[in-house]
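S.K.: I have a structure I would like to understand better, so I am pasting it below and will then ask my questions one at a time.
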Amino acid sequence: MDSGRWRGGRRGVSRGMLPLLALHAVNEYYRLPWKPPVTAGLLAANTLIYLRPSYLDSLLPSIDEVWFNPHLILKNKDMKRFFLSAFYHIGESHLVYNMMSLLWKGIQLETSMGSSEFASMVVALLGMSQGITLLLAKSLLLFFDYERAYYSEYAVGFSGVLFAMKVVLNSQSENYSDVHGLIVPAHHAAWAELILIQMFVPGTSFLGHLGGILAGILYLKMKGSYSGSDPLTMIIRGLSGVLRWPLRFIRDMFQLRRRRISGRGTIGGSQTGNLYGIWRCQACTYDNSGWLRICEMCGTSRSSNGGLVRQVAHDFRDIPLEELRRRRVERFG
């Protein structure tokens, strides 16, 4: 999270960092055999909220309406600030740094966990990191009278969730990690990054980042004490299944249409007859769609009972391959 005050609506001209982010994201996804959809959705959501295109500008609240401010959240029970503040960023460098981190962590976690469990984890980490930050700010006010430093702080950004994801990602790693040039054990990397960012990057929210680390630790503790899929994962998996059903239906319709139009098959073998709407030409052994009455390869007619006209079949048994190709070209151009 970044803290401070920023006013304004639409963003100005890009300084060139957003095109680099887009190029890097496209390159990363292009080389992946499976494209993690939840990570892509999070990248798109954060970027669109920052850019505020004209068709979304009237729908999105301004940044002044969503700053994470513990005092206003508790006073007004403002859940909009509680949840939406994580998706807003105060500058291009703030957005790009967070999205580069999300791209790297999200791809690894979603690939290993699956999209449903990853989405469930992100929702849980978002709620826990924001809640822990709120609890820490209120506790510091009550026990140490730290009002101005944390309780009245204004902050936005996805970095609290990213710190929590870093804890989860490195929880089982025995390797070492490079944190801004400092080599540390991977499971301590989030703590090292917390200290270094606070030392060298002014205006960051220490409490927001700390809340993210504690949320990651709490998530791992809860995950370890519960066997099986959590209820939120099951809900997300069910919703995604419902949403995928129309897409599967349309895909199957197009595949059925292609099978009816064209009898793509293999050449060779000894199977004959009708199997799942396919018949084999006994002249050239090409598998044709059951909807076709003439062999696609050699033009031999199919008889009404699923076989071949015997005389034609006999005449075509010894046809050279080049002749079959010539007839196919004549038939289909």
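Chain labels A, B, ... are given in the sequence in which chains occur in the structure tokens; within each chain residues are numbered consecutively from 1, and ligands are likewise numbered from 1 in the order shown.
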Which of segment 41-246 of chain A end up as alpha helix (DSSP H) when DSSP is run on this backbone - answer as a ChimeraX atom specification?
M.R.: /A:41-51,54-57,70-76,79-84,92-113,115-144,159-169,189-200,206-224,231-246
S.K.: List as number ranges by chain the protein and nucleic acid residues near Leu196 of chain A, meaning an atom at most 9 Å away when only C-alpha atoms are counted, but skip any in the same chain fewer than 5 places from it.
M.R.: A: 179-180, 191, 201
S.K.: Would you list the contacts of segment 94-97 of chain A as a list in words, taking every protein, DNA or RNA residue within 8 Å and counting only C-alpha atoms, but skipping same-chain residues closer than 2 positions in sequence?
M.R.: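 So, after excluding close chain neighbours, the residues are Asp2, Met17, Leu18, Leu21, Asn46, Thr47, Tyr50, His89, Ile90, Gly91, Glu92, Met99, Met100, Ser101 and Gly157 of chain A.
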S.K.: If you keep C-alpha atoms, can you produce a file of those selected residues as a compact mmCIF listing (two decimals), in the first residue's frame?
M.R.:
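File out15.txt, as written:
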# COMPACT_ATOMS: atom_id res chain seq x y z
CA ASP A 2 1.00 3.60 -0.59
CA MET A 17 5.65 2.08 -17.94
CA LEU A 18 2.17 0.76 -18.75
CA LEU A 21 3.81 -3.86 -18.28
CA ASN A 46 -6.37 -3.08 -11.31
CA THR A 47 -5.21 -1.54 -14.58
CA TYR A 50 -6.29 3.07 -12.64
CA HIS A 89 -3.17 3.05 -7.06
CA ILE A 90 -1.86 6.59 -6.75
CA GLY A 91 0.56 6.57 -9.67
CA GLU A 92 1.84 4.68 -12.68
CA MET A 99 1.21 -5.64 -11.12
CA MET A 100 4.65 -7.00 -11.99
CA SER A 101 4.75 -8.60 -8.57
CA GLY A 157 -2.88 -0.40 -3.27
S.K.: Kindly give the distance, in Å, that separates atom CA of Leu134 of chain A and atom CA of Gly208 of chain A, rounded to a single decimal.
M.R.: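 Those two atoms sit 8.7 Å apart.
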S.K.: Out of A:Leu23, A:Ala44, A:Ser225, A:Lys138, which residue has the shortest atom-to-atom distance to Lys75 of chain A when counting only C-alpha atoms?
M.R.: A:Lys138
S.K.: Kindly give the distance, in Å, that separates atom CA of Ser54 of chain A and atom CA of Asn69 of chain A, rounded to a single decimal.
M.R.: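 Between atom CA of Ser54 of chain A and atom CA of Asn69 of chain A the gap is 27.5 Å.
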S.K.: Report, in Å to a single decimal, how far apart atom CA of Leu74 of chain A and atom CA of Asp145 of chain A are.
M.R.: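 Separation of atom CA of Asp145 of chain A and atom CA of Leu74 of chain A: 16.6 Å.
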S.K.: When you look at segment 102-106 of chain A with a cut-off of 9 Å (counting only C-alpha atoms), what residues show up, excluding the ones that are within fewer than 3 positions of it in the same chain? I need them as JSON, numbers by chain.
M.R.: {"A": [25, 28, 36, 38, 39, 40, 42, 43, 97, 98, 99, 109, 110, 111, 118, 158, 159, 162, 165, 166, 169]}
S.K.: Please save N, CA, C and O atoms of the selected residues as a short mmCIF file (atom, residue, chain, number, x, y, z; two decimals), in the first residue's frame.
M.R.:
data_model
loop_
_atom_site.label_atom_id
_atom_site.label_comp_id
_atom_site.auth_asym_id
_atom_site.auth_seq_id
_atom_site.Cartn_x
_atom_site.Cartn_y
_atom_site.Cartn_z
N ALA A 25 3.44 -8.77 -19.68
CA ALA A 25 2.35 -9.69 -19.36
C ALA A 25 2.00 -10.57 -20.56
O ALA A 25 1.81 -11.78 -20.42
N GLU A 28 4.73 -13.18 -21.02
CA GLU A 28 4.66 -14.24 -20.01
C GLU A 28 3.53 -15.21 -20.32
O GLU A 28 3.70 -16.43 -20.22
N PRO A 36 -3.31 -18.74 -16.74
CA PRO A 36 -4.07 -18.56 -15.49
C PRO A 36 -5.09 -17.42 -15.61
O PRO A 36 -4.69 -16.26 -15.71
N VAL A 38 -7.50 -16.18 -13.46
CA VAL A 38 -7.75 -15.30 -12.31
C VAL A 38 -6.67 -14.24 -12.21
O VAL A 38 -6.95 -13.06 -11.96
N THR A 39 -5.42 -14.63 -12.41
CA THR A 39 -4.32 -13.66 -12.39
C THR A 39 -4.52 -12.62 -13.48
O THR A 39 -4.35 -11.41 -13.25
N ALA A 40 -4.91 -13.06 -14.68
CA ALA A 40 -5.17 -12.11 -15.77
C ALA A 40 -6.31 -11.16 -15.42
O ALA A 40 -6.26 -9.96 -15.71
N LEU A 42 -7.26 -10.19 -12.40
CA LEU A 42 -6.80 -9.23 -11.39
C LEU A 42 -5.93 -8.14 -12.01
O LEU A 42 -6.05 -6.97 -11.66
N LEU A 43 -5.06 -8.53 -12.93
CA LEU A 43 -4.23 -7.54 -13.64
C LEU A 43 -5.11 -6.55 -14.40
O LEU A 43 -4.90 -5.34 -14.33
N TYR A 97 4.66 -1.53 -10.44
CA TYR A 97 5.43 -2.35 -9.49
C TYR A 97 4.57 -3.44 -8.89
O TYR A 97 4.97 -4.61 -8.81
N ASN A 98 3.34 -3.07 -8.48
CA ASN A 98 2.44 -4.06 -7.88
C ASN A 98 1.99 -5.11 -8.89
O ASN A 98 1.89 -6.31 -8.58
N MET A 99 1.70 -4.69 -10.12
CA MET A 99 1.21 -5.64 -11.12
C MET A 99 2.32 -6.58 -11.60
O MET A 99 2.06 -7.75 -11.91
N LEU A 109 1.33 -19.35 -8.18
CA LEU A 109 0.34 -19.87 -7.23
C LEU A 109 -0.87 -20.47 -7.94
O LEU A 109 -1.34 -21.55 -7.57
N GLU A 110 -1.39 -19.77 -8.96
CA GLU A 110 -2.59 -20.28 -9.64
C GLU A 110 -2.28 -21.56 -10.40
O GLU A 110 -3.12 -22.46 -10.47
N THR A 111 -1.08 -21.66 -10.98
CA THR A 111 -0.72 -22.87 -11.70
C THR A 111 -0.63 -24.07 -10.77
O THR A 111 -1.03 -25.18 -11.12
N PHE A 118 -7.15 -20.68 -5.98
CA PHE A 118 -6.39 -19.44 -6.00
C PHE A 118 -7.32 -18.24 -5.79
O PHE A 118 -7.01 -17.32 -5.03
N PHE A 158 -2.58 -2.70 -3.84
CA PHE A 158 -2.74 -4.16 -3.75
C PHE A 158 -1.57 -4.82 -3.01
O PHE A 158 -1.52 -6.04 -2.90
N SER A 159 -0.65 -4.03 -2.50
CA SER A 159 0.58 -4.62 -1.95
C SER A 159 0.35 -5.40 -0.66
O SER A 159 1.12 -6.31 -0.35
N LEU A 162 -0.33 -8.73 -1.86
CA LEU A 162 0.90 -9.28 -2.46
C LEU A 162 1.87 -9.77 -1.38
O LEU A 162 2.55 -10.79 -1.57
N MET A 165 0.53 -13.05 -0.31
CA MET A 165 0.81 -14.07 -1.33
C MET A 165 2.27 -14.49 -1.29
O MET A 165 2.60 -15.66 -1.51
N LYS A 166 3.16 -13.55 -1.00
CA LYS A 166 4.59 -13.87 -0.90
C LYS A 166 4.84 -14.85 0.24
O LYS A 166 5.64 -15.78 0.11
N LEU A 169 3.57 -18.25 -0.95
CA LEU A 169 4.42 -18.79 -2.01
C LEU A 169 5.73 -19.36 -1.45
O LEU A 169 6.22 -20.40 -1.91
#
S.K.: Counting only C-alpha atoms, figure out which residue out of A:Leu32, A:Met1, A:Ile294, A:Ile183 gets nearest to Ser129 of chain A.
M.R.: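 With only C-alpha atoms as the atom set, the closest residue is A:Met1.
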